[in-house]
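Have a look at the structure below, then the notes.
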Amino acid sequence: MPGIADADPALAPDLATLDAAVAGCRACPRLVAWREEVAATKRAAFRDQTYWGRPVPGFGATDARLLIVGLAPAAHGANRTGRMFTGDRSGDVLYAALHAVGLASQPTSVAIGDGLELFGTRITAPVRCAPPANKPTPAERDRCRPWLARELALLRDTVRAVVVLGGFGWQALLPVLATPDPASGHPGWVVPTPRPAFGHAAHVTLSPVSGADTASLELFGCYHVSQQNTFTGRLTPAMLEDVLASAATAAGLETRPRRGDPG
Ligand code: SF4
C-alpha cells in the first residue's frame with residue numbers, strides 16, 4: 001500500500017507547503033487511478049485542455065476566519081482546473097453566492113490565474129481526489145483526514161466559523177475539530193456527545209476545551225451545492241447566501257448588503 005506521498009502532512013510548517021505536498025499524494029490506489037483516467041480521457045468539451053488530474057489543495061486566504069468544507073473534487077471540475085469548486089455548476093453557484101455576500105472578488109471561478117480572491121475565507125474538502133460517482137469510501141475519507149487536520153491546525157489561530165456543505169463533510173470534520181494538535185499546541189474544541197446532527201442552517205457553537213486560551217468556533221451546516229440540490233430548488237441561492245452571511249458575521253467578517261436586505 002503506498003503511503004501519503006513522500007510528505008507527512010503533520011510536518012508541513014505552513015499552508016503553502018501543505019498545498020504543494022498534498023498535490024503529490026498517491027495514497028489511495030482507486031482514486032489515483034480514477035483521477036488520472038478522467039484526466040487522460042477528458043470530457044469532449046474540454047478535450048483541448050490539460051487536466052490537473054491530482055489531489056486538489058485548499059484555496060483562499062491563509063489567515064482565513066471562515067472555512068468552507070465541501071466533499072471532494074468533481075471529475076471534470078476541480079480535477080480539471082486544480083482549484084476547489086472551479087469549472088463546474090456546483091462551483092458556479094458557490095462562487096456567485098460568495099461574491100453576493102462580499103467574500104469573493106468576482107462571481108465566477110474559471111481557472112487558476114483568473115484573478116479571483118477570497119476575503120478572509122478558505123475552501124477545502126475532506127477528500128482531495130475526485131472519486132468515482134462522487135462517492136469516496138470510508139477508508140479513503142479516513143486516509144485523507146491528516147491533510148484536513150493539518151490544514152485546520154494551521155488555521156486555528158484565525159478561524160472562527162466553518163460552513164460545511166453536506167452531511168459527508170460534516171461527519172468527516174467533527175472528529176478533526178475534536179482532536180488536539182500537538183504541533184501547534186491547540187487543544188481542539190469540545191464536540192458534544194451525541195454529535196450534533198447535520199442539517200441545513202444547523203448552527204452549533206463549539207467551545208474550546210476547559211481552561212484553554214482559545215476562541216470558540218461557530219459551525220454551520222448547509223446543503224451541498226450539488227446540481228441535484230440546486231436544480232431541484234432544495235438549495236436556492238438565497239438559502240446559500242443566508243448561511244454564508246451568517247457564518248461570515250459570526251467570524252467577524254464584513255458582508256455586503258444583498259437583495260431583500262432591509263434598507
Ligand atoms: S484522497 Fe487524499 S489521501 Fe487519498 S490519494 Fe487523494 S490526497 Fe491522498
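Residues in the C-alpha cells are named by chain (A, B, ... in the order shown) and by number from 1 within that chain; ligands are numbered from 1 in the order shown.
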
Per residue of chain A within 6 Å of ligand 1, what are the shortest atom pair and its distance in Å to one decimal, counting only C-alpha atoms and all ligand atoms, with rows by chain and residue number, as a tab-separated table?
residue	atom	partner	partner_atom_place_in_ligand_line	distance
A:Ile4	CA	ligand 1	8 (Fe)	5.9
A:Val22	CA	ligand 1	7 (S)	5.7
A:Cys25	CA	ligand 1	8 (Fe)	4.3
A:Arg26	CA	ligand 1	5 (S)	4.2
A:Ala27	CA	ligand 1	5 (S)	4.2
A:Cys28	CA	ligand 1	4 (Fe)	4.2
A:Val32	CA	ligand 1	5 (S)	5.9
A:Pro55	CA	ligand 1	7 (S)	4.9
A:Val127	CA	ligand 1	1 (S)	4.9
A:Arg128	CA	ligand 1	7 (S)	4.6
A:Cys129	CA	ligand 1	6 (Fe)	4.3
A:Glu140	CA	ligand 1	4 (Fe)	5.7
A:Arg143	CA	ligand 1	3 (S)	4.9
A:Cys144	CA	ligand 1	3 (S)	3.6

**Message:** Report as number ranges by chain all protein, DNA and RNA residues lying within 8 Å of segment 90-100 of chain A, evaluated on only C-alpha atoms, omitting residues in the same chain fewer than 4 positions from it.
**Reply:** A: 84-86, 104-109, 225-227, 237, 240-241, 244, 256, 258

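The closest residue to Pro126 of chain A, picked from A:Gly82, A:Pro57, A:Pro192, A:Pro180 and counting only C-alpha atoms, is A:Pro57.
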
**Message:** Taking 3 positions as the minimum chain separation for residues in the same chain, which residues sit within 12 Å of Leu177 of chain A when counting only C-alpha atoms? Answer as a VMD selection string.
**Reply:** chain A and resid 145 148 to 153 155 to 156 159 161 to 162 170 to 174 180 to 181 186 to 192 195 205 to 209 216 to 219

Can you write out the residues you just picked, keeping N, CA and C atoms, as a short mmCIF file (atom, residue, chain, number, x, y, z; two decimals), in the first residue's frame?
data_model
loop_
_atom_site.label_atom_id
_atom_site.label_comp_id
_atom_site.auth_asym_id
_atom_site.auth_seq_id
_atom_site.Cartn_x
_atom_site.Cartn_y
_atom_site.Cartn_z
N ARG A 145 -7.79 12.17 5.93
CA ARG A 145 -8.05 13.06 7.07
C ARG A 145 -6.82 13.86 7.53
N LEU A 148 -6.63 17.37 5.96
CA LEU A 148 -7.60 18.34 6.50
C LEU A 148 -7.22 18.73 7.94
N ALA A 149 -6.77 17.75 8.70
CA ALA A 149 -6.41 18.03 10.09
C ALA A 149 -5.26 19.04 10.16
N ARG A 150 -4.28 18.86 9.31
CA ARG A 150 -3.15 19.79 9.33
C ARG A 150 -3.56 21.17 8.81
N GLU A 151 -4.41 21.19 7.80
CA GLU A 151 -4.88 22.48 7.28
C GLU A 151 -5.63 23.25 8.37
N LEU A 152 -6.46 22.53 9.09
CA LEU A 152 -7.20 23.19 10.16
C LEU A 152 -6.26 23.65 11.27
N ALA A 153 -5.28 22.82 11.58
CA ALA A 153 -4.32 23.19 12.63
C ALA A 153 -3.60 24.49 12.25
N LEU A 155 -4.77 26.84 10.57
CA LEU A 155 -5.73 27.96 10.56
C LEU A 155 -6.28 28.26 11.95
N ARG A 156 -5.90 27.46 12.93
CA ARG A 156 -6.60 27.51 14.21
C ARG A 156 -6.47 28.84 14.94
N VAL A 159 -9.25 30.98 12.47
CA VAL A 159 -10.58 30.54 12.05
C VAL A 159 -11.57 30.67 13.21
N ALA A 161 -15.25 30.49 12.22
CA ALA A 161 -16.50 29.87 11.76
C ALA A 161 -16.22 28.92 10.61
N VAL A 162 -17.05 27.89 10.51
CA VAL A 162 -16.93 26.90 9.43
C VAL A 162 -18.32 26.68 8.84
N TRP A 170 -19.66 17.14 7.05
CA TRP A 170 -19.98 17.33 8.48
C TRP A 170 -19.43 16.15 9.29
N GLN A 171 -19.73 14.94 8.83
CA GLN A 171 -19.26 13.75 9.54
C GLN A 171 -17.75 13.63 9.51
N ALA A 172 -17.14 14.07 8.41
CA ALA A 172 -15.68 13.98 8.29
C ALA A 172 -14.98 15.02 9.16
N LEU A 173 -15.61 16.17 9.32
CA LEU A 173 -14.93 17.28 10.01
C LEU A 173 -15.00 17.17 11.53
N LEU A 174 -16.11 16.70 12.08
CA LEU A 174 -16.28 16.73 13.54
C LEU A 174 -15.13 16.05 14.30
N PRO A 180 -6.90 17.34 19.49
CA PRO A 180 -5.84 18.30 19.80
C PRO A 180 -4.74 18.24 18.74
N ASP A 181 -4.07 19.35 18.55
CA ASP A 181 -2.96 19.39 17.60
C ASP A 181 -1.67 19.62 18.38
N HIS A 186 -2.66 23.55 20.00
CA HIS A 186 -4.10 23.81 20.09
C HIS A 186 -4.82 22.59 20.65
N PRO A 187 -5.68 22.79 21.64
CA PRO A 187 -6.32 21.64 22.28
C PRO A 187 -7.55 21.12 21.55
N GLY A 188 -7.98 21.82 20.50
CA GLY A 188 -9.21 21.41 19.83
C GLY A 188 -10.43 21.99 20.52
N TRP A 189 -11.59 21.65 19.97
CA TRP A 189 -12.85 22.16 20.53
C TRP A 189 -13.67 21.00 21.07
N VAL A 190 -14.60 21.33 21.95
CA VAL A 190 -15.45 20.30 22.54
C VAL A 190 -16.61 20.02 21.58
N VAL A 191 -16.67 18.82 21.05
CA VAL A 191 -17.79 18.41 20.20
C VAL A 191 -18.76 17.62 21.07
N PRO A 192 -20.01 18.11 21.22
CA PRO A 192 -20.96 17.46 22.12
C PRO A 192 -21.20 16.00 21.76
N ARG A 195 -22.98 13.53 18.85
CA ARG A 195 -22.53 14.57 17.92
C ARG A 195 -23.72 15.34 17.35
N THR A 205 -22.29 26.12 18.39
CA THR A 205 -21.10 26.79 18.90
C THR A 205 -20.25 25.78 19.65
N LEU A 206 -19.02 25.61 19.19
CA LEU A 206 -18.11 24.67 19.84
C LEU A 206 -17.18 25.45 20.76
N SER A 207 -17.17 25.08 22.02
CA SER A 207 -16.31 25.75 22.99
C SER A 207 -14.92 25.13 22.95
N PRO A 208 -13.92 25.92 23.32
CA PRO A 208 -12.59 25.31 23.48
C PRO A 208 -12.62 24.39 24.69
N VAL A 209 -11.69 23.47 24.76
CA VAL A 209 -11.65 22.59 25.92
C VAL A 209 -11.41 23.43 27.17
N SER A 216 -13.92 30.24 20.69
CA SER A 216 -14.89 29.22 20.29
C SER A 216 -15.01 29.22 18.76
N LEU A 217 -15.69 28.20 18.27
CA LEU A 217 -15.83 28.03 16.82
C LEU A 217 -17.31 27.88 16.49
N GLU A 218 -17.78 28.67 15.52
CA GLU A 218 -19.18 28.61 15.10
C GLU A 218 -19.27 27.69 13.88
N LEU A 219 -20.04 26.63 14.03
CA LEU A 219 -20.15 25.61 12.98
C LEU A 219 -21.54 25.69 12.35
#

**Prompt:** When DSSP works through the backbone of this structure, what residues of segment 89-207 of chain A end up as helix (DSSP H, G or I), shown as a ChimeraX atom specification?
**Reply:** /A:89-100,132-134,138-155,167-177
